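Chemist: Input start.txt, format and content: compact mmCIF, C-alpha atoms.
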# COMPACT_ATOMS: atom_id res chain seq x y z
CA MET A 245 13.22 -36.95 25.38
CA ASN A 246 10.33 -36.65 22.92
CA PRO A 247 7.34 -34.28 22.63
CA ARG A 248 5.07 -36.72 24.46
CA GLU A 249 7.41 -36.73 27.47
CA LEU A 250 7.66 -32.92 27.37
CA ARG A 251 3.87 -32.76 27.43
CA ALA A 252 3.71 -35.16 30.38
CA ASP A 253 6.13 -32.91 32.29
CA THR A 254 3.94 -29.80 31.77
CA PRO A 255 1.02 -29.71 34.25
CA ALA A 256 -0.95 -26.99 32.44
CA LEU A 257 -1.36 -29.28 29.42
CA HIS A 258 -3.15 -31.99 31.39
CA GLU A 259 -6.58 -30.37 31.60
CA ASP A 260 -7.75 -28.24 28.68
CA VAL A 261 -6.48 -28.46 25.11
CA TYR A 262 -3.93 -25.67 25.09
CA LEU A 263 -3.41 -24.04 21.68
CA ASN A 264 -2.09 -20.57 22.51
CA PHE A 265 1.68 -20.99 22.51
CA GLY A 266 2.11 -17.89 20.34
CA ALA A 267 1.07 -15.88 23.41
CA HIS A 268 2.39 -17.96 26.30
CA GLY A 269 3.90 -21.42 26.60
CA PRO A 270 3.18 -23.17 29.91
CA SER A 271 6.39 -24.42 31.52
CA PRO A 272 7.42 -27.98 32.35
CA ARG A 273 7.95 -28.77 36.02
CA TYR A 274 11.74 -28.84 35.77
CA VAL A 275 11.86 -25.36 34.21
CA VAL A 276 9.90 -23.94 37.15
CA GLU A 277 11.94 -26.03 39.59
CA ALA A 278 15.22 -24.71 38.16
CA ALA A 279 14.07 -21.15 38.88
CA ASP A 280 12.76 -22.09 42.34
CA GLU A 281 15.98 -23.88 43.20
CA PHE A 282 18.08 -20.89 42.23
CA VAL A 283 15.96 -18.46 44.25
CA ARG A 284 16.01 -20.71 47.32
CA SER A 285 19.76 -21.22 47.10
CA HIS A 286 20.47 -17.56 46.39
CA GLU A 287 18.31 -16.32 49.26
CA TYR A 288 18.79 -19.05 51.86
CA GLU A 289 22.39 -20.17 51.35
CA THR A 290 24.45 -17.80 49.22
CA ASN A 291 24.70 -14.94 51.69
CA THR A 292 26.41 -17.16 54.26
CA ARG A 293 28.57 -19.29 51.95
CA ASN A 294 29.26 -17.33 48.78
CA ASP A 295 29.03 -13.78 47.53
CA PRO A 296 25.48 -13.39 46.13
CA TYR A 297 26.74 -11.08 43.38
CA GLU A 298 29.34 -13.59 42.23
CA VAL A 299 26.71 -16.32 42.14
CA ALA A 300 24.32 -14.14 40.13
CA PHE A 301 27.02 -12.99 37.71
CA ASP A 302 28.13 -16.59 37.15
CA GLU A 303 24.55 -17.44 36.21
CA TYR A 304 24.28 -14.45 33.87
CA ASP A 305 27.46 -15.60 32.13
CA ARG A 306 26.30 -19.22 31.89
CA VAL A 307 22.91 -18.31 30.45
CA ARG A 308 24.40 -15.88 27.92
CA GLU A 309 26.67 -18.66 26.68
CA ARG A 310 23.74 -21.10 26.50
CA VAL A 311 21.55 -18.68 24.55
CA ALA A 312 24.43 -17.78 22.23
CA THR A 313 25.00 -21.42 21.32
CA PHE A 314 21.27 -21.94 20.73
CA VAL A 315 20.87 -19.02 18.31
CA GLY A 316 24.26 -19.11 16.58
CA ALA A 317 25.79 -16.04 18.22
CA GLY A 318 28.99 -15.22 20.07
CA ASP A 319 28.85 -15.01 23.88
CA ASP A 320 29.50 -11.25 23.78
CA GLU A 321 26.63 -10.76 21.32
CA ILE A 322 23.88 -11.68 23.81
CA ALA A 323 22.28 -9.46 26.44
CA LEU A 324 19.79 -10.84 28.93
CA THR A 325 16.57 -8.83 28.91
CA GLU A 326 13.12 -9.04 30.41
CA SER A 327 11.28 -9.44 27.11
CA THR A 328 11.22 -8.87 23.37
CA THR A 329 9.69 -5.46 24.03
CA ALA A 330 12.59 -4.59 26.33
CA GLY A 331 15.07 -5.60 23.64
CA ILE A 332 13.42 -3.52 20.92
CA ASN A 333 13.23 -0.54 23.26
CA ALA A 334 16.88 -0.97 24.22
CA ILE A 335 17.89 -0.56 20.58
CA ALA A 336 15.42 2.26 19.94
CA ASN A 337 16.81 4.16 22.92
CA ALA A 338 20.48 3.61 22.02
CA ILE A 339 20.40 5.55 18.75
CA ASP A 340 20.94 9.31 18.63
CA TRP A 341 17.79 10.20 16.72
CA GLU A 342 17.33 13.50 14.96
CA PRO A 343 14.11 15.09 13.68
CA GLY A 344 13.54 13.86 10.14
CA ASP A 345 15.13 10.45 10.68
CA THR A 346 13.01 7.61 9.33
CA VAL A 347 12.03 4.26 10.86
CA VAL A 348 10.45 1.63 8.62
CA ARG A 349 8.21 -1.14 9.94
CA THR A 350 5.61 -3.41 8.41
CA ASP A 351 1.88 -3.42 9.16
CA LEU A 352 2.34 -6.94 10.56
CA GLU A 353 4.18 -5.93 13.71
CA HIS A 354 3.15 -6.71 17.28
CA PRO A 355 2.73 -3.69 19.59
CA ALA A 356 6.28 -4.50 20.79
CA GLY A 357 7.38 -3.45 17.33
CA THR A 358 5.11 -0.42 16.97
CA LEU A 359 4.93 1.39 20.31
CA PRO A 360 8.65 2.34 20.58
CA TRP A 361 8.42 4.03 17.17
CA GLN A 362 5.20 5.82 18.09
CA ARG A 363 7.10 7.38 20.97
CA LEU A 364 9.89 8.49 18.62
CA GLU A 365 7.30 10.13 16.39
CA GLN A 366 6.72 12.56 19.26
CA GLN A 367 10.38 13.57 18.86
CA GLY A 368 10.06 14.26 15.15
CA VAL A 369 11.10 10.86 13.80
CA ASP A 370 9.16 9.75 10.72
CA VAL A 371 7.65 6.26 10.92
CA ARG A 372 6.95 4.70 7.56
CA VAL A 373 4.66 1.63 7.51
CA VAL A 374 5.05 -0.91 4.71
CA GLU A 375 1.68 -2.35 3.77
CA THR A 376 1.54 -6.08 3.17
CA LYS A 377 -0.89 -8.57 1.72
CA ASN A 378 -1.89 -11.90 3.28
CA GLY A 379 1.05 -11.76 5.66
CA ARG A 380 3.54 -11.27 2.79
CA ILE A 381 5.89 -8.40 2.11
CA ASP A 382 6.83 -7.19 -1.35
CA LEU A 383 10.62 -6.83 -1.44
CA ASP A 384 10.50 -4.01 -3.99
CA VAL A 385 8.05 -2.03 -1.87
CA PHE A 386 10.24 -2.62 1.18
CA ALA A 387 13.35 -1.51 -0.73
CA GLU A 388 11.64 1.71 -1.75
CA ALA A 389 10.54 2.37 1.83
CA VAL A 390 14.03 1.96 3.34
CA GLU A 391 15.91 4.02 0.76
CA ASP A 392 16.46 6.90 3.17
CA ALA A 393 15.67 5.12 6.46
CA ARG A 394 17.86 4.95 9.52
CA LEU A 395 16.32 1.74 10.89
CA ALA A 396 14.01 -1.04 9.69
CA CYS A 397 12.11 -3.26 12.13
CA PHE A 398 10.24 -6.39 11.09
CA SER A 399 9.20 -9.82 12.40
CA ALA A 400 10.79 -13.11 11.46
CA VAL A 401 7.45 -14.92 11.89
CA THR A 402 4.31 -12.80 11.83
CA TRP A 403 2.00 -13.00 14.83
CA THR A 404 -0.95 -12.14 12.58
CA HIS A 405 -0.67 -14.85 9.90
CA GLY A 406 2.12 -17.20 10.98
CA THR A 407 4.03 -16.43 7.78
CA GLN A 408 7.81 -16.51 7.67
CA LEU A 409 9.22 -13.26 6.32
CA PRO A 410 12.42 -13.53 4.22
CA VAL A 411 14.67 -12.21 6.99
CA SER A 412 18.02 -12.46 5.20
CA ASP A 413 16.65 -10.73 2.09
CA LEU A 414 15.08 -7.93 4.13
CA VAL A 415 18.29 -7.47 6.11
CA ASP A 416 20.32 -7.26 2.89
CA ILE A 417 17.93 -4.65 1.46
CA ALA A 418 18.07 -2.59 4.66
CA HIS A 419 21.86 -2.74 4.74
CA GLU A 420 22.15 -1.74 1.09
CA ALA A 421 20.18 1.38 2.01
CA GLY A 422 22.42 2.01 5.02
CA ALA A 423 19.67 1.21 7.52
CA PHE A 424 19.98 -0.64 10.82
CA ALA A 425 18.15 -4.01 10.65
CA LEU A 426 16.24 -4.99 13.81
CA VAL A 427 14.32 -8.28 13.91
CA ASP A 428 11.49 -9.26 16.24
CA ALA A 429 12.05 -13.02 16.50
CA VAL A 430 9.86 -13.88 19.47
CA GLN A 431 7.80 -16.45 17.51
CA VAL A 432 10.89 -18.37 16.37
CA PRO A 433 12.90 -19.90 19.26
CA GLY A 434 11.38 -23.19 20.34
CA GLN A 435 9.39 -23.86 17.19
CA LEU A 436 11.81 -23.25 14.29
CA PRO A 437 15.59 -23.38 13.82
CA MET A 438 17.22 -20.00 14.46
CA ASP A 439 20.65 -18.80 13.33
CA VAL A 440 21.25 -15.08 13.78
CA ASP A 441 24.55 -15.32 11.91
CA GLU A 442 22.74 -16.54 8.80
CA TRP A 443 20.17 -13.74 9.13
CA GLY A 444 22.89 -11.09 9.27
CA ALA A 445 20.73 -8.61 11.22
CA ASP A 446 22.24 -5.91 13.40
CA ALA A 447 20.01 -6.86 16.32
CA VAL A 448 17.44 -9.55 17.12
CA ALA A 449 15.04 -9.39 20.07
CA ALA A 450 13.30 -12.47 21.45
CA ALA A 451 12.03 -14.15 24.62
CA GLY A 452 11.58 -17.61 26.06
CA HIS A 453 8.03 -17.55 27.47
CA LYS A 454 6.31 -18.72 24.27
CA TRP A 455 7.48 -21.72 22.20
CA LEU A 456 10.50 -22.38 24.43
CA LEU A 457 8.13 -22.91 27.40
CA GLY A 458 10.27 -20.74 29.66
CA LEU A 459 9.19 -18.23 32.28
CA TRP A 460 8.04 -14.64 31.88
CA GLY A 461 11.02 -12.32 32.30
CA GLY A 462 13.48 -14.53 30.41
CA GLY A 463 14.17 -12.50 27.27
CA PHE A 464 17.33 -11.94 25.27
CA LEU A 465 18.77 -9.50 22.77
CA TYR A 466 21.33 -10.33 20.11
CA VAL A 467 23.51 -7.45 18.91
CA ASP A 468 26.09 -8.00 16.19
CA GLY A 469 29.57 -7.65 17.65
CA ASP A 470 30.65 -5.12 15.03
CA VAL A 471 27.55 -3.00 15.63
CA ALA A 472 27.36 -2.88 19.43
CA GLU A 473 30.14 -0.32 19.78
CA SER A 474 28.12 2.18 17.72
CA LEU A 475 25.16 2.02 20.12
CA THR A 476 24.94 4.08 23.31
CA PRO A 477 22.32 2.78 25.76
CA ASN A 478 20.38 5.47 27.60
CA THR A 479 20.52 3.51 30.85
CA VAL A 480 23.71 2.44 32.58
CA GLY A 481 24.56 0.28 35.59
CA TYR A 482 27.30 -1.92 36.94
CA ARG A 483 26.41 -4.79 34.60
CA SER A 484 26.63 -2.59 31.51
CA VAL A 485 30.14 -1.24 32.07
CA GLU A 486 33.61 -2.75 32.22
CA THR A 487 34.56 -1.19 35.59
CA PRO A 488 31.68 0.18 37.69
CA THR A 489 33.96 2.40 39.77
CA ALA A 490 35.74 3.97 36.78
CA ASP A 491 35.20 7.65 36.00
CA PRO A 492 34.64 8.00 33.14
CA TYR A 493 33.11 4.56 32.68
CA GLU A 494 33.41 2.43 29.57
CA PHE A 495 30.49 0.39 28.29
CA ALA A 496 31.01 -3.37 28.33
CA VAL A 497 32.16 -4.99 25.14
CA GLY A 498 29.32 -6.22 22.95
CA ALA A 499 25.68 -6.67 23.86
CA ARG A 500 26.22 -6.79 27.62
CA ARG A 501 26.14 -2.98 27.61
CA PHE A 502 22.34 -3.37 27.45
CA GLU A 503 22.16 -5.07 30.85
CA VAL A 504 21.81 -2.73 33.81
CA GLY A 505 21.58 -3.89 37.42
CA SER A 506 20.35 -6.48 39.90
CA SER A 507 17.64 -8.20 37.89
CA ASN A 508 16.49 -11.57 39.19
CA PRO A 509 18.52 -14.32 37.44
CA ALA A 510 15.78 -16.93 38.04
CA PRO A 511 13.82 -16.41 34.78
CA HIS A 512 17.07 -16.73 32.83
CA VAL A 513 18.09 -19.82 34.79
CA ALA A 514 14.72 -21.21 33.67
CA LEU A 515 15.42 -20.04 30.10
CA ALA A 516 18.61 -22.10 29.97
CA GLU A 517 16.73 -25.13 31.35
CA ALA A 518 14.00 -24.70 28.72
CA ILE A 519 16.57 -24.47 25.93
CA ASP A 520 18.16 -27.69 27.20
CA ALA A 521 14.79 -29.45 26.98
CA ILE A 522 14.11 -28.21 23.45
CA ASP A 523 17.62 -29.18 22.37
CA GLU A 524 17.23 -32.64 23.87
CA ILE A 525 14.21 -33.27 21.66
CA GLY A 526 15.80 -31.47 18.70
CA ILE A 527 14.50 -28.28 17.13
CA ASP A 528 14.26 -29.91 13.69
CA ARG A 529 12.13 -32.68 15.14
CA ILE A 530 9.91 -30.14 16.87
CA ALA A 531 9.54 -28.06 13.70
CA GLU A 532 8.62 -31.15 11.70
CA ARG A 533 5.92 -32.20 14.17
CA ILE A 534 4.51 -28.66 14.32
CA GLN A 535 4.36 -28.65 10.53
CA THR A 536 2.47 -31.97 10.54
CA LEU A 537 -0.09 -30.86 13.14
CA ALA A 538 -0.53 -27.39 11.64
CA GLY A 539 -0.99 -29.02 8.23
CA GLN A 540 -3.68 -31.28 9.66
CA LEU A 541 -5.42 -28.22 11.05
CA VAL A 542 -5.39 -26.10 7.88
CA ASP A 543 -6.52 -29.07 5.79
CA GLY A 544 -9.70 -29.11 7.86
CA ILE A 545 -10.46 -25.41 7.44
CA PRO A 546 -12.40 -24.17 4.38
CA ASP A 547 -10.18 -22.08 2.08
CA GLY A 548 -12.33 -19.01 2.51
CA GLN A 549 -11.87 -19.09 6.29
CA LEU A 550 -8.07 -19.37 6.35
CA TYR A 551 -5.81 -16.32 6.67
CA SER A 552 -2.63 -18.36 7.11
CA PRO A 553 -0.88 -20.06 4.19
CA ASN A 554 -1.52 -23.65 3.19
CA PRO A 555 0.83 -25.44 3.64
CA PRO A 556 1.50 -23.60 6.91
CA GLU A 557 4.85 -21.96 7.61
CA SER A 558 4.64 -22.13 11.40
CA GLY A 559 2.38 -23.32 14.19
CA LEU A 560 0.44 -20.05 14.11
CA ILE A 561 -2.83 -20.56 12.24
CA THR A 562 -5.27 -17.66 11.84
CA ILE A 563 -8.91 -18.43 11.06
CA ASP A 564 -11.76 -16.17 9.98
CA VAL A 565 -14.92 -16.50 12.09
CA ASP A 566 -17.99 -14.30 12.40
CA ASP A 567 -17.39 -13.23 16.00
CA PRO A 568 -13.84 -13.97 17.22
CA GLU A 569 -14.41 -12.99 20.86
CA SER A 570 -17.50 -15.15 21.30
CA THR A 571 -15.81 -18.00 19.41
CA VAL A 572 -12.86 -17.89 21.81
CA GLU A 573 -15.30 -18.02 24.74
CA ARG A 574 -17.26 -20.89 23.20
CA LEU A 575 -14.08 -22.85 22.56
CA ALA A 576 -12.93 -22.21 26.12
CA THR A 577 -16.20 -23.64 27.40
CA ALA A 578 -15.50 -26.73 25.29
CA GLY A 579 -11.97 -26.97 26.73
CA PHE A 580 -9.93 -25.41 23.91
CA VAL A 581 -7.62 -22.45 24.62
CA VAL A 582 -7.04 -20.12 21.65
CA ARG A 583 -7.02 -16.33 21.26
CA SER A 584 -8.57 -13.63 19.13
CA LEU A 585 -6.61 -11.11 17.05
CA PRO A 586 -7.38 -7.45 16.41
CA SER A 587 -6.08 -7.51 12.83
CA PRO A 588 -7.10 -9.52 11.00
CA ASN A 589 -10.27 -9.80 13.05
CA ALA A 590 -9.99 -13.54 13.59
CA ILE A 591 -8.99 -16.29 15.99
CA ARG A 592 -5.45 -17.65 16.14
CA VAL A 593 -4.59 -21.24 16.98
CA SER A 594 -0.99 -21.95 18.02
CA VAL A 595 -0.05 -25.59 17.58
CA HIS A 596 3.08 -26.91 19.32
CA ALA A 597 4.86 -30.25 19.07
CA VAL A 598 3.34 -31.19 22.44
CA ASN A 599 -0.14 -31.18 20.95
CA THR A 600 -1.74 -34.28 19.43
CA ARG A 601 -3.68 -35.24 16.32
CA GLU A 602 -6.68 -36.00 18.50
CA GLU A 603 -6.64 -32.46 19.88
CA VAL A 604 -6.52 -30.97 16.40
CA ASP A 605 -9.43 -33.17 15.28
CA GLY A 606 -11.38 -32.16 18.37
CA LEU A 607 -10.84 -28.48 17.64
CA LEU A 608 -11.97 -28.91 14.04
CA ASP A 609 -15.10 -30.74 15.17
CA THR A 610 -15.91 -27.92 17.60
CA LEU A 611 -15.28 -25.25 14.96
CA GLU A 612 -17.43 -26.97 12.33
CA SER A 613 -20.52 -24.96 13.20
CA GLU A 614 -18.63 -21.72 12.38
CA TRP A 615 -18.75 -22.36 8.65
CA ASN A 616 -21.77 -24.67 8.28
Can you present the structure in this file as structure tokens?
Modeler:
Amino acid sequence: MNPRELRADTPALHEDVYLNFGAHGPSPRYVVEAADEFVRSHEYETNTRNDPYEVAFDEYDRVRERVATFVGAGDDEIALTESTTAGINAIANAIDWEPGDTVVRTDLEHPAGTLPWQRLEQQGVDVRVVETKNGRIDLDVFAEAVEDARLACFSAVTWTHGTQLPVSDLVDIAHEAGAFALVDAVQVPGQLPMDVDEWGADAVAAAGHKWLLGLWGGGFLYVDGDVAESLTPNTVGYRSVETPTADPYEFAVGARRFEVGSSNPAPHVALAEAIDAIDEIGIDRIAERIQTLAGQLVDGIPDGQLYSPNPPESGLITIDVDDPESTVERLATAGFVVRSLPSPNAIRVSVHAVNTREEVDGLLDTLESEWN
């Protein structure tokens, strides 16, 4: 398979020029069909032929293994979640916080990486925000911030600028300070290679509904095998324990302790199908094509209008315009789907491997009046 074939298999890409993959990636037919097939089989056939719980648990196990292989983790280091937000909250809620504890985050984080810490502030936890410049983080400033911190949370690829943060370096600095390292990686899988073992983080939260072109509800959480035992989830169910009928119960080994009950396996069935499609093309090939198309885009934008780096570091390109909201509406009228950002006050274009050079040229032509 190649990107052109993937595009042909994705109905939502056949009308407008879709350039908002950093928010949501429309799914190919076979990803949706995999979920539909599972639901139909599970509801229409399983109850009369097989135990529905066994069928669901077999799918959970299969998808965990598939995700683990894709991100460089062990099978026991993956929990299936609803979203990146759910994963970050799962970690935030599994630590026994005390008043005066400190959480460090950057000013580049998505609300998924800010709201859980705002809630902890109400319990007396101190939240320290590391200020950045142009989507970059100063390692010395970060080191100073985490000196007495209990946890540090940061993005692998920033949703604001499309910059790649030095994950391994930040993890090392956090660990040297004795802090837990939690990474928001939602902008990585499907557009860039991802190896959680190389990163060395304690936990990594992500989801498949963006660059992987999976369905909403198909998220996952990596938790380092040596770290999981030190975390105590604040929710518990039969999927999170070794023996549901045991009293007292024991949490499951590894990340599975963060799964709870009878969640619908369909979005995760679709996640595995989406990963198969990306793997068939090759993540390196996808990353290379995204780099080419994103480079074409930034080359056509005046330097003073570009918030993202040139050359680009991802498919997320942020552009300064006078009125982002009206620009998004004007582009939509012309058939181009992008989004606005609150900070920086700009528009963001998300270029995937399924896009074309002609689409990028068309967007640049439409944007020309913004800076002329």
Chemist: If we count all atoms listed in the file, what is near region 495-505 of chain A at a cut-off of 6 Å, once residues fewer than 2 positions away on the same chain are taken out, given as a PyMOL selection string?
Modeler: chain A and resi 320-323+467+469+472+480-481+483-486+507
Chemist: Could you pull the residues within 12 Å of Arg251 (chain A), counting only C-alpha atoms, minus those fewer than 2 positions along the same chain, as a PyMOL selection string?
Modeler: chain A and resi 245-249+253-259+261-262+269-273+457+521-522+525+596-600
Chemist: Looking at A:Tyr297, A:Trp615, A:Phe580, A:Phe265, which one is nearest to Gly559 (chain A), with distances taken over only C-alpha atoms?
Modeler: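 Of the candidates, the smallest distance to Gly559 (chain A) is held by A:Phe265.
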Chemist: Put a box with edges along x, y and z around all the listed atoms of region 592-599 of chain A, pad it by 5 Å on each side, then give me its centre and sizes in Å, one decimal, as lines of an AutoDock Vina configuration file.
Modeler:
center_x = -0.3
center_y = -24.4
center_z = 19.3
size_x = 20.3
size_y = 23.5
size_z = 16.3
Chemist: For His419 (chain A), work out the shell of residues within 12 Å, counting only C-alpha atoms and skipping chain neighbours fewer than 4 positions away, then give it as a count of residues only.
Modeler: 20
Chemist: List the spatial neighbours of Thr407 (chain A) as a PyMOL selection string - criterion: any atom at most 6 Å away, all atoms listed in the file, same-chain residues fewer than 4 positions off excluded.
Modeler: chain A and resi 379+401-402+557
Chemist: Please report the interatomic distance between CA of Ala447 (chain A) and CA of Ala356 (chain A) in Å with one decimal.
Modeler: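 Calculated distance between CA of Ala447 (chain A) and CA of Ala356 (chain A) is 14.6 Å.
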Chemist: Which residue is closest to Thr536 (chain A)? Choose from A:Thr562, A:Ser474, A:Arg601, A:Thr577 and count only C-alpha atoms.
Modeler: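 Smallest separation from Thr536 (chain A) among the options: A:Arg601.
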Chemist: Which protein, DNA or RNA residues are at most 6 Å from (-15.3, -26.7, 7.0) in the file's coordinates when you count all atoms listed in the file, listed as a count of residues only?
Modeler: 4
Chemist: Excluding same-chain residues fewer than 5 positions from Gln435 (chain A), what lies within 7 Å of it counting only C-alpha atoms, as a count of residues only?
Modeler: 4
Chemist: Please, could N, CA, C and O atoms be added to region 548-561 of chain A and the result written as a compact mmCIF listing (two decimals), in the coordinates of the input?
Modeler:
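Generated file (result.txt):
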# COMPACT_ATOMS: atom_id res chain seq x y z
N GLY A 548 -11.86 -20.37 2.30
CA GLY A 548 -12.33 -19.01 2.51
C GLY A 548 -12.22 -18.53 3.95
O GLY A 548 -12.38 -17.34 4.23
N GLN A 549 -11.96 -19.45 4.87
CA GLN A 549 -11.87 -19.09 6.29
C GLN A 549 -10.42 -18.98 6.77
O GLN A 549 -10.20 -18.63 7.93
N LEU A 550 -9.46 -19.27 5.92
CA LEU A 550 -8.07 -19.37 6.35
C LEU A 550 -7.28 -18.13 5.95
O LEU A 550 -7.18 -17.79 4.77
N TYR A 551 -6.69 -17.45 6.94
CA TYR A 551 -5.81 -16.32 6.67
C TYR A 551 -4.35 -16.77 6.51
O TYR A 551 -3.57 -16.10 5.84
N SER A 552 -4.00 -17.85 7.16
CA SER A 552 -2.63 -18.36 7.11
C SER A 552 -2.40 -19.14 5.82
O SER A 552 -3.36 -19.60 5.18
N PRO A 553 -1.15 -19.32 5.43
CA PRO A 553 -0.88 -20.06 4.19
C PRO A 553 -1.14 -21.56 4.35
O PRO A 553 -1.12 -22.09 5.46
N ASN A 554 -1.38 -22.20 3.24
CA ASN A 554 -1.52 -23.65 3.19
C ASN A 554 -0.64 -24.17 2.04
O ASN A 554 -0.92 -23.85 0.90
N PRO A 555 0.44 -24.90 2.33
CA PRO A 555 0.83 -25.44 3.64
C PRO A 555 1.30 -24.36 4.60
O PRO A 555 1.82 -23.33 4.17
N PRO A 556 1.13 -24.61 5.90
CA PRO A 556 1.50 -23.60 6.91
C PRO A 556 3.02 -23.42 6.99
O PRO A 556 3.78 -24.31 6.63
N GLU A 557 3.43 -22.27 7.47
CA GLU A 557 4.85 -21.96 7.61
C GLU A 557 5.30 -21.91 9.07
O GLU A 557 6.47 -21.72 9.35
N SER A 558 4.35 -22.09 9.97
CA SER A 558 4.64 -22.13 11.40
C SER A 558 3.45 -22.76 12.10
O SER A 558 2.49 -23.17 11.46
N GLY A 559 3.51 -22.79 13.43
CA GLY A 559 2.38 -23.32 14.19
C GLY A 559 1.28 -22.32 14.44
O GLY A 559 0.28 -22.65 15.07
N LEU A 560 1.43 -21.10 13.94
CA LEU A 560 0.44 -20.05 14.11
C LEU A 560 -0.56 -20.08 12.97
O LEU A 560 -0.19 -19.79 11.82
N ILE A 561 -1.80 -20.43 13.26
CA ILE A 561 -2.83 -20.56 12.24
C ILE A 561 -3.98 -19.60 12.56
O ILE A 561 -4.60 -19.69 13.62
